[in-house]
$ cat query-v5.cif   # mmCIF, C-alpha atoms
data_upload
loop_
_atom_site.label_atom_id
_atom_site.label_comp_id
_atom_site.auth_asym_id
_atom_site.auth_seq_id
_atom_site.Cartn_x
_atom_site.Cartn_y
_atom_site.Cartn_z
CA MET E 1 100.75 91.46 108.23
CA SER E 2 99.95 93.27 105.05
CA ASP E 3 100.07 97.03 104.65
CA ASP E 4 97.17 97.17 102.26
CA ASN E 5 94.56 99.81 102.85
CA SER E 6 91.55 97.82 101.83
CA ASN E 7 88.28 98.25 103.70
CA GLU E 8 88.43 94.56 104.26
CA MET E 9 91.27 94.52 106.74
CA SER E 10 90.28 92.15 109.51
CA LEU E 11 89.37 93.59 112.88
CA PHE E 12 92.16 91.72 114.65
CA GLU E 13 94.80 92.79 112.16
CA ALA E 14 93.74 96.42 112.59
CA MET E 15 93.79 96.21 116.40
CA TYR E 16 97.19 94.50 116.56
CA SER E 17 98.88 96.96 114.21
CA CYS E 18 97.24 100.21 115.25
CA ARG E 19 100.39 102.06 116.31
CA ALA E 20 100.37 105.72 117.22
CA MET E 21 101.57 107.25 113.94
CA ARG E 22 102.81 110.77 114.61
CA ARG E 23 105.09 111.50 111.66
CA LEU E 24 102.70 112.21 108.79
CA ASP E 25 103.00 113.40 105.22
CA THR E 26 101.53 116.78 104.23
CA ARG E 27 99.71 115.08 101.33
CA GLU E 28 95.99 115.80 101.33
CA VAL E 29 93.52 113.16 102.53
CA ALA E 30 90.38 112.88 100.42
CA GLU E 31 87.29 114.30 102.09
CA GLU E 32 85.52 111.01 101.47
CA LEU E 33 88.05 109.24 103.69
CA LEU E 34 87.74 111.83 106.45
CA VAL E 35 83.97 111.37 106.44
CA LYS E 36 84.50 107.62 106.53
CA LEU E 37 86.64 107.98 109.66
CA VAL E 38 84.04 110.07 111.45
CA ASP E 39 81.22 107.82 110.34
CA ALA E 40 83.12 104.88 111.85
CA ALA E 41 83.61 106.83 115.09
CA ASN E 42 79.90 107.55 115.10
CA GLN E 43 79.05 103.82 115.29
CA ALA E 44 80.53 103.46 118.78
CA PRO E 45 78.26 103.13 121.81
CA SER E 46 77.37 106.04 124.11
CA GLY E 47 75.96 106.18 127.62
CA SER E 48 72.17 105.65 127.52
CA ASN E 49 72.49 105.79 123.72
CA MET E 50 72.57 109.58 123.85
CA GLN E 51 74.77 109.80 120.73
CA ASN E 52 76.17 113.12 121.84
CA ALA E 53 79.67 112.79 120.38
CA ARG E 54 80.58 115.47 117.83
CA TRP E 55 83.55 115.64 115.47
CA ILE E 56 85.29 118.63 113.96
CA VAL E 57 87.68 118.06 111.08
CA VAL E 58 90.08 120.97 110.78
CA ARG E 59 91.75 121.59 107.41
CA ASP E 60 91.73 125.40 107.45
CA ALA E 61 95.29 126.74 107.80
CA GLU E 62 94.39 129.43 110.30
CA VAL E 63 92.50 127.12 112.64
CA LYS E 64 95.28 124.53 112.40
CA LYS E 65 97.77 127.23 113.35
CA LYS E 66 95.76 128.11 116.47
CA LEU E 67 95.57 124.47 117.53
CA ALA E 68 99.28 123.98 116.83
CA ASP E 69 100.07 126.95 119.09
CA LEU E 70 97.91 125.51 121.88
CA ASN E 71 99.51 122.12 121.40
CA ARG E 72 103.00 123.62 121.68
CA ILE E 73 102.15 125.07 125.07
CA GLY E 74 100.82 121.69 126.29
CA VAL E 75 103.72 119.67 124.89
CA GLU E 76 106.41 121.98 126.20
CA ALA E 77 104.90 121.93 129.67
CA TYR E 78 104.41 118.17 129.76
CA ILE E 79 107.11 116.61 127.65
CA GLY E 80 109.74 119.34 127.55
CA PRO E 81 111.46 118.57 130.86
CA MET E 82 111.62 114.83 130.05
CA VAL E 83 113.10 114.88 126.56
CA ASP E 84 116.71 114.51 127.53
CA ASN E 85 115.86 112.44 130.55
CA PRO E 86 112.76 110.44 129.68
CA GLY E 87 113.06 107.84 132.43
CA GLU E 88 111.82 104.39 131.66
CA LEU E 89 108.94 102.07 132.39
CA PRO E 90 109.18 98.38 133.15
CA HIS E 91 107.60 97.77 129.73
CA GLN E 92 109.36 100.53 127.76
CA PRO E 93 113.13 100.98 127.94
CA VAL E 94 114.66 104.44 127.93
CA ASP E 95 115.68 104.48 124.26
CA LYS E 96 112.19 103.54 123.09
CA ARG E 97 110.64 106.10 125.39
CA ARG E 98 112.99 108.76 124.05
CA ARG E 99 111.97 107.85 120.48
CA MET E 100 108.33 108.28 121.46
CA MET E 101 109.05 111.72 122.88
CA HIS E 102 110.95 112.77 119.80
CA ALA E 103 107.93 111.76 117.73
CA VAL E 104 105.73 113.92 119.97
CA LEU E 105 108.13 116.83 119.41
CA TRP E 106 108.15 116.20 115.65
CA GLN E 107 104.36 116.32 115.74
CA MET E 108 104.50 119.56 117.71
CA GLU E 109 106.75 121.21 115.10
CA HIS E 110 104.63 120.04 112.17
CA LEU E 111 101.09 120.02 113.50
CA HIS E 112 99.97 123.05 111.45
CA GLU E 113 101.18 121.38 108.24
CA LEU E 114 99.34 118.09 108.68
CA PRO E 115 96.37 117.54 106.39
CA ALA E 116 93.61 117.15 108.99
CA LEU E 117 93.24 117.60 112.73
CA ILE E 118 90.15 115.84 114.04
CA ILE E 119 88.75 117.06 117.34
CA ALA E 120 86.52 114.72 119.35
CA CYS E 121 83.89 116.68 121.27
CA MET E 122 80.71 116.09 123.26
CA GLU E 123 77.49 118.10 123.17
CA PHE E 124 75.74 118.22 126.55
CA GLY E 125 72.65 120.27 125.73
CA GLN E 126 73.43 122.53 128.68
CA LYS E 127 76.40 124.54 129.88
CA VAL E 128 79.23 122.07 130.54
CA ASP E 129 80.82 121.80 133.95
CA GLY E 130 83.76 119.70 135.06
CA ALA E 131 81.72 116.81 136.47
CA MET E 132 79.67 116.59 133.29
CA ALA E 133 82.78 116.64 131.13
CA ALA E 134 84.38 113.88 133.24
CA ALA E 135 81.25 111.72 133.05
CA GLY E 136 81.21 112.16 129.28
CA SER E 137 84.52 110.35 128.75
CA GLY E 138 82.94 106.93 128.39
CA SER E 139 80.82 108.19 125.50
CA ILE E 140 83.64 109.73 123.46
CA TRP E 141 86.70 107.48 123.82
CA PRO E 142 85.05 104.41 122.25
CA GLY E 143 84.42 106.52 119.16
CA ILE E 144 88.00 107.77 119.19
CA GLN E 145 89.18 104.16 119.20
CA ASN E 146 86.86 103.35 116.27
CA LEU E 147 88.35 106.31 114.40
CA LEU E 148 91.93 105.16 115.06
CA LEU E 149 91.14 101.63 113.92
CA ALA E 150 89.37 102.90 110.80
CA ALA E 151 92.38 105.08 109.98
CA ARG E 152 94.64 102.04 110.30
CA ALA E 153 92.43 99.98 108.00
CA LEU E 154 92.43 102.78 105.41
CA GLY E 155 96.23 103.14 105.52
CA LEU E 156 96.09 106.48 107.33
CA GLY E 157 98.27 107.40 110.26
CA ALA E 158 96.76 108.87 113.42
CA ALA E 159 97.52 109.28 117.12
CA PRO E 160 95.35 110.67 119.90
CA THR E 161 96.59 113.54 122.04
CA THR E 162 95.04 115.67 124.75
CA LEU E 163 97.99 118.04 125.18
CA ALA E 164 96.50 120.68 122.87
CA LEU E 165 93.30 120.90 124.89
CA GLY E 166 94.50 122.06 128.29
CA ASN E 167 92.97 125.52 127.89
CA PRO E 168 89.25 124.89 127.24
CA LYS E 169 88.46 128.57 126.69
CA ALA E 170 91.09 128.98 123.98
CA VAL E 171 90.03 125.69 122.37
CA ALA E 172 86.38 126.78 122.36
CA GLU E 173 87.38 130.04 120.70
CA ALA E 174 89.52 128.34 118.05
CA LEU E 175 86.75 125.86 117.17
CA ASN E 176 83.69 128.06 117.70
CA LEU E 177 82.38 125.66 120.36
CA PRO E 178 79.22 126.72 122.19
CA ASP E 179 79.39 126.51 126.00
CA THR E 180 77.39 123.26 125.80
CA MET E 181 80.30 121.46 124.11
CA ALA E 182 83.64 120.18 125.40
CA ALA E 183 86.67 118.92 123.44
CA TYR E 184 88.37 115.67 124.57
CA CYS E 185 91.00 114.68 122.10
CA LEU E 186 92.86 115.88 119.03
CA ILE E 187 93.74 113.32 116.38
CA PRO E 188 96.03 114.43 113.53
CA VAL E 189 95.38 112.31 110.45
CA GLY E 190 97.43 111.85 107.31
CA TYR E 191 99.45 109.38 105.29
CA PRO E 192 102.23 108.02 107.50
CA LEU E 193 105.90 108.72 106.80
CA GLY E 194 106.86 105.59 108.74
CA LYS E 195 105.66 102.03 108.48
CA PHE E 196 102.81 100.32 110.21
CA GLY E 197 103.81 97.42 112.38
CA PRO E 198 102.70 95.40 115.37
CA VAL E 199 102.06 97.24 118.63
CA THR E 200 104.06 96.16 121.67
CA ARG E 201 102.12 95.53 124.85
CA LYS E 202 102.57 93.87 128.22
CA PRO E 203 101.70 90.17 128.13
CA VAL E 204 98.08 89.41 128.96
CA SER E 205 99.21 87.41 132.00
CA GLU E 206 100.23 90.69 133.66
CA ILE E 207 97.01 92.56 133.06
CA MET E 208 94.27 89.92 133.44
CA ARG E 209 92.94 87.97 136.41
CA PHE E 210 89.97 85.70 137.06
CA ASP E 211 87.32 86.48 139.70
CA GLY E 212 89.25 89.13 141.63
CA TRP E 213 92.56 90.98 141.53
CA SER E 214 95.71 89.25 142.80
CA ASP E 215 99.37 90.07 142.30
CA MET H 1 76.15 91.00 106.74
CA SER H 2 77.16 87.55 107.80
CA ASP H 3 76.82 86.24 111.31
CA ASP H 4 79.91 84.12 111.12
CA ASN H 5 82.27 84.22 114.03
CA SER H 6 85.48 83.97 112.11
CA ASN H 7 88.52 85.92 113.28
CA GLU H 8 88.58 87.38 109.83
CA MET H 9 85.54 89.60 110.14
CA SER H 10 86.44 92.93 108.62
CA LEU H 11 86.93 95.90 110.91
CA PHE H 12 84.13 97.86 109.29
CA GLU H 13 81.66 95.00 109.47
CA ALA H 14 82.42 94.59 113.18
CA MET H 15 82.02 98.31 113.90
CA TYR H 16 78.77 98.66 111.97
CA SER H 17 77.12 95.65 113.63
CA CYS H 18 78.42 95.96 117.17
CA ARG H 19 75.07 96.30 118.91
CA ALA H 20 74.74 96.27 122.67
CA MET H 21 73.74 92.62 123.24
CA ARG H 22 72.20 92.31 126.69
CA ARG H 23 70.16 89.11 126.46
CA LEU H 24 72.74 86.34 126.68
CA ASP H 25 72.68 82.57 126.95
CA THR H 26 74.00 80.88 130.10
CA ARG H 27 76.18 78.63 127.92
CA GLU H 28 79.83 78.69 128.96
CA VAL H 29 82.35 80.69 126.94
CA ALA H 30 85.70 78.94 126.44
CA GLU H 31 88.52 80.42 128.49
CA GLU H 32 90.56 80.78 125.32
CA LEU H 33 87.98 83.18 123.93
CA LEU H 34 87.85 85.22 127.13
CA VAL H 35 91.62 85.60 127.03
CA LYS H 36 91.36 86.59 123.38
CA LEU H 37 88.92 89.38 124.29
CA VAL H 38 91.19 90.77 126.98
CA ASP H 39 94.25 90.47 124.79
CA ALA H 40 92.43 92.51 122.14
CA ALA H 41 91.51 95.12 124.77
CA ASN H 42 95.15 95.22 125.81
CA GLN H 43 96.23 96.38 122.33
CA ALA H 44 94.47 99.73 122.70
CA PRO H 45 96.47 102.92 123.31
CA SER H 46 96.93 104.49 126.75
CA GLY H 47 98.00 107.95 127.85
CA SER H 48 101.81 108.27 127.68
CA ASN H 49 101.83 104.53 126.87
CA MET H 50 101.47 103.72 130.56
CA GLN H 51 99.56 100.47 129.81
CA ASN H 52 97.83 100.63 133.15
CA ALA H 53 94.52 99.04 132.16
CA ARG H 54 93.66 95.85 134.05
CA TRP H 55 90.91 93.30 133.36
CA ILE H 56 89.12 90.98 135.74
CA VAL H 57 87.03 88.16 134.26
CA VAL H 58 84.47 86.99 136.78
CA ARG H 59 83.09 83.46 136.41
CA ASP H 60 82.82 82.54 140.11
CA ALA H 61 79.16 82.30 141.17
CA GLU H 62 79.64 84.11 144.45
CA VAL H 63 81.47 87.08 142.95
CA LYS H 64 78.92 87.28 140.14
CA LYS H 65 76.16 87.37 142.74
CA LYS H 66 77.82 90.30 144.53
CA LEU H 67 78.16 92.24 141.29
CA ALA H 68 74.58 91.42 140.30
CA ASP H 69 73.37 92.81 143.65
CA LEU H 70 75.36 96.02 143.14
CA ASN H 71 74.07 96.30 139.58
CA ARG H 72 70.47 95.93 140.78
CA ILE H 73 70.89 98.93 143.08
CA GLY H 74 72.32 101.02 140.24
CA VAL H 75 69.73 99.97 137.68
CA GLU H 76 66.77 100.47 139.99
CA ALA H 77 67.97 103.95 140.91
CA TYR H 78 68.71 105.02 137.36
CA ILE H 79 66.32 103.17 135.09
CA GLY H 80 63.50 102.23 137.46
CA PRO H 81 61.58 105.49 137.36
CA MET H 82 61.75 105.63 133.54
CA VAL H 83 60.60 102.14 132.60
CA ASP H 84 56.95 102.91 132.13
CA ASN H 85 57.66 106.41 130.94
CA PRO H 86 60.94 106.29 129.10
CA GLY H 87 60.59 109.55 127.20
CA GLU H 88 62.13 109.78 123.78
CA LEU H 89 65.11 111.25 122.01
CA PRO H 90 65.09 112.90 118.59
CA HIS H 91 67.00 109.86 117.34
CA GLN H 92 65.23 107.15 119.36
CA PRO H 93 61.44 106.92 119.50
CA VAL H 94 59.67 105.95 122.69
CA ASP H 95 59.00 102.30 121.74
CA LYS H 96 62.63 101.67 120.86
CA ARG H 97 63.78 103.37 124.04
CA ARG H 98 61.37 101.23 126.06
CA ARG H 99 62.78 98.09 124.41
CA MET H 100 66.27 99.17 125.41
CA MET H 101 65.17 99.65 129.01
CA HIS H 102 63.49 96.26 129.12
CA ALA H 103 66.75 94.74 127.92
CA VAL H 104 68.59 96.52 130.74
CA LEU H 105 66.05 95.08 133.20
CA TRP H 106 66.42 91.60 131.68
CA GLN H 107 70.16 91.92 132.16
CA MET H 108 69.61 93.00 135.77
CA GLU H 109 67.51 89.91 136.51
CA HIS H 110 69.95 87.51 134.87
CA LEU H 111 73.36 89.06 135.51
CA HIS H 112 74.42 86.43 138.04
CA GLU H 113 73.64 83.63 135.53
CA LEU H 114 75.67 85.02 132.64
CA PRO H 115 78.87 83.15 131.84
CA ALA H 116 81.41 85.94 132.34
CA LEU H 117 81.39 89.47 133.71
CA ILE H 118 84.48 91.40 132.62
CA ILE H 119 85.49 94.39 134.71
CA ALA H 120 87.67 97.06 133.14
CA CYS H 121 89.98 98.62 135.75
CA MET H 122 92.98 100.91 135.95
CA GLU H 123 96.05 100.56 138.15
CA PHE H 124 97.47 103.93 139.26
CA GLY H 125 100.47 102.85 141.32
CA GLN H 126 99.28 105.10 144.15
CA LYS H 127 96.05 105.54 146.09
CA VAL H 128 93.36 106.57 143.62
CA ASP H 129 91.48 109.84 144.05
CA GLY H 130 88.62 111.21 142.00
CA ALA H 131 90.71 113.43 139.74
CA MET H 132 93.06 110.56 138.96
CA ALA H 133 90.15 108.25 138.19
CA ALA H 134 88.57 110.86 135.88
CA ALA H 135 91.85 111.45 134.04
CA GLY H 136 92.22 107.68 133.56
CA SER H 137 89.10 107.38 131.38
CA GLY H 138 90.95 108.00 128.14
CA SER H 139 93.23 105.05 128.84
CA ILE H 140 90.50 102.50 129.59
CA TRP H 141 87.59 103.17 127.22
CA PRO H 142 89.59 102.56 124.03
CA GLY H 143 90.36 99.08 125.39
CA ILE H 144 86.70 98.54 126.27
CA GLN H 145 85.79 99.36 122.69
CA ASN H 146 88.42 96.91 121.39
CA LEU H 147 86.90 94.25 123.66
CA LEU H 148 83.37 94.91 122.40
CA LEU H 149 84.50 94.75 118.78
CA ALA H 150 86.46 91.55 119.40
CA ALA H 151 83.38 90.00 121.04
CA ARG H 152 81.33 90.90 117.97
CA ALA H 153 83.87 89.35 115.63
CA LEU H 154 83.91 86.16 117.71
CA GLY H 155 80.11 85.89 117.73
CA LEU H 156 79.85 86.82 121.40
CA GLY H 157 77.34 89.28 122.79
CA ALA H 158 78.45 92.07 125.13
CA ALA H 159 77.33 95.49 126.35
CA PRO H 160 79.15 97.97 128.56
CA THR H 161 77.52 99.24 131.73
CA THR H 162 78.65 101.44 134.59
CA LEU H 163 75.53 101.07 136.72
CA ALA H 164 77.02 98.28 138.85
CA LEU H 165 79.99 100.40 139.84
CA GLY H 166 78.39 103.32 141.67
CA ASN H 167 79.72 102.17 145.05
CA PRO H 168 83.52 101.98 144.63
CA LYS H 169 84.09 100.59 148.11
CA ALA H 170 81.69 97.67 147.62
CA VAL H 171 83.13 97.01 144.16
CA ALA H 172 86.68 96.99 145.54
CA GLU H 173 85.61 94.51 148.18
CA ALA H 174 83.85 92.21 145.71
CA LEU H 175 86.86 92.18 143.37
CA ASN H 176 89.69 92.38 145.89
CA LEU H 177 90.92 95.62 144.35
CA PRO H 178 93.81 97.35 146.10
CA ASP H 179 93.30 101.08 146.78
CA THR H 180 95.53 101.84 143.80
CA MET H 181 92.94 100.44 141.37
CA ALA H 182 89.60 101.76 140.14
CA ALA H 183 86.85 99.98 138.17
CA TYR H 184 85.30 101.74 135.16
CA CYS H 185 82.97 99.41 133.36
CA LEU H 186 81.32 96.02 133.61
CA ILE H 187 80.87 94.03 130.42
CA PRO H 188 78.78 90.85 130.59
CA VAL H 189 79.86 88.44 127.86
CA GLY H 190 78.12 85.37 126.47
CA TYR H 191 76.49 83.89 123.40
CA PRO H 192 73.63 86.17 122.37
CA LEU H 193 70.00 85.07 122.54
CA GLY H 194 69.09 87.66 119.91
CA LYS H 195 70.55 88.36 116.49
CA PHE H 196 73.34 90.67 115.54
CA GLY H 197 72.36 93.42 113.15
CA PRO H 198 73.32 96.90 112.05
CA VAL H 199 73.53 99.63 114.67
CA THR H 200 71.36 102.70 114.18
CA ARG H 201 73.05 106.05 114.52
CA LYS H 202 72.41 109.69 113.69
CA PRO H 203 73.53 110.61 110.17
CA VAL H 204 77.11 111.84 109.97
CA SER H 205 75.85 115.20 108.68
CA GLU H 206 74.46 115.91 112.16
CA ILE H 207 77.57 115.09 114.12
CA MET H 208 80.46 116.31 111.92
CA ARG H 209 81.63 119.78 110.88
CA PHE H 210 84.68 121.16 109.12
CA ASP H 211 87.04 123.71 110.73
CA GLY H 212 84.74 124.77 113.59
CA TRP H 213 81.33 124.00 115.05
CA SER H 214 78.22 125.42 113.38
CA ASP H 215 74.57 124.47 113.68
#
$ encode --input "query-v5.cif" --output "structure tokens"
Amino acid sequence: MSDDNSNEMSLFEAMYSCRAMRRLDTREVAEELLVKLVDAANQAPSGSNMQNARWIVVRDAEVKKKLADLNRIGVEAYIGPMVDNPGELPHQPVDKRRRMMHAVLWQMEHLHELPALIIACMEFGQKVDGAMAAAGSGSIWPGIQNLLLAARALGLGAAPTTLALGNPKAVAEALNLPDTMAAYCLIPVGYPLGKFGPVTRKPVSEIMRFDGWSD
Amino acid sequence: MSDDNSNEMSLFEAMYSCRAMRRLDTREVAEELLVKLVDAANQAPSGSNMQNARWIVVRDAEVKKKLADLNRIGVEAYIGPMVDNPGELPHQPVDKRRRMMHAVLWQMEHLHELPALIIACMEFGQKVDGAMAAAGSGSIWPGIQNLLLAARALGLGAAPTTLALGNPKAVAEALNLPDTMAAYCLIPVGYPLGKFGPVTRKPVSEIMRFDGWSD
């Protein structure tokens, strides 16, 4: 697979090499590319074609600092206790899982320095409640995936996280969200320090069945 | 834009022409292509890399019939009252919205005849409750979007719907789901009767802001 950042990367190449890239350079990303990412996200489908996804691209140092502080609280609560004892999954041995956690911690330490933090939100046209926010997921995550794939095709690193968003009131304050909007995901974007490469997934035979589930 | 179904369609072409295709031919889709769709879905990210998305491809006539019956109940409840009076959205005039609803009704009438109905599920490893199911959304919808994009690149029509899944117990029975699994989305797949073309979306200036939300 090539590492070129042409717009013409094939869909399948982008999907099969769209790793979570957490270690990013501080080098600026051109505004044109950030708009291109969001425009790609905006092409995704939404429930009843409501098109109510909204995207905030944070470059301001002060706002990034606030989000980095919120992220630290979420990461320390969630990942902290596991770092030295990450456990393992049938599909991810302990050393690989530990590397992933160290990347999450790296991201935590550097989040305020990264060039752009993109926040995926939804606008509900009325005061958001929990049920509404939950029902909105299917209209925001397809756009997030488009954004991640577009970043890959443009040679930009990105990785979705929800750990910064555990305190909706503080998030709304940091991003000036009206009470009709909810934030779903934070995606730091920048040029990767590491290399792109194939993603590793369970074989399709484990996760696919015909006509009904069977073990 | 070309209508070729090469694997080499560029990512951006796929994203910008990935219309919801509801009117599909009854012509069979090769198993190899169905596996390719699910394998593409399987490359998407999941929370904490749990890789707990599962995919059921329904081709059996009896199971399709059960899902079509469940879908009819959901569609009639949701869309029925709006068909002759669909209203309009700032970004979708009444005639276009009516066309969309007629396509949903066409799909309802023909669902049992379509070649494959793909059900996107999650496996939780313990009995699913509502909070768990809601939290799982972010780990299934990115894969659904990969599947839709892969279908587009392969010349297959598809469109995600949740209207068939309103009765989890009946869905679990139809698909033999254990109580540790939940279904999120049904995606009928087949060769399209209509033509692919560009999607229509709000301009990016309406849905994107820098540093914080502002009207």
$ resolve_selection --input "query-v5.cif" --expression "the PyMOL selection byres ((chain E) within 6 of (chain H))" --output "list in words"
Glu8, Met9, Ser10, Leu11, Asp39, Arg54, Trp55, Ile56, Val57, Val58, Asp60, Ala134, Trp141, Pro142, Gln145, Leu175, Asn176, Leu177, Val204, Ile207, Met208, Arg209, Phe210, Asp211, Gly212 and Trp213 of chain E
$ atom_distance --input "query-v5.cif" --atom1 "atom CA of H:Leu105" --atom2 "atom CA of H:Ala151"
21.8 Å
$ resolve_selection --input "query-v5.cif" --expression "the PyMOL selection byres ((chain E and resi 106) around 12)" --output "number ranges by chain"
E: 21-25, 68, 71-72, 75, 99-105, 107-114, 193
$ decode --input "query-v5.cif" --residues "stretch 161-180 of chain H" --atoms "C-alpha atoms" --output "compact mmCIF listing (two decimals), in the first residue's frame"
# COMPACT_ATOMS: atom_id res chain seq x y z
CA THR H 161 -32.95 1.62 8.06
CA THR H 162 -33.84 1.09 11.69
CA LEU H 163 -37.61 0.89 11.20
CA ALA H 164 -37.63 -2.93 11.09
CA LEU H 165 -35.93 -3.20 14.46
CA GLY H 166 -38.40 -1.51 16.80
CA ASN H 167 -39.36 -4.81 18.47
CA PRO H 168 -36.08 -6.26 19.80
CA LYS H 169 -37.70 -9.47 21.01
CA ALA H 170 -39.22 -10.28 17.61
CA VAL H 171 -35.95 -9.36 15.88
CA ALA H 172 -33.97 -11.62 18.21
CA GLU H 173 -36.35 -14.45 17.45
CA ALA H 174 -36.18 -13.95 13.69
CA LEU H 175 -32.37 -13.88 13.72
CA ASN H 176 -31.66 -16.33 16.52
CA LEU H 177 -29.84 -13.65 18.49
CA PRO H 178 -28.66 -14.60 21.98
CA ASP H 179 -29.59 -12.14 24.74
CA THR H 180 -26.02 -10.80 24.63
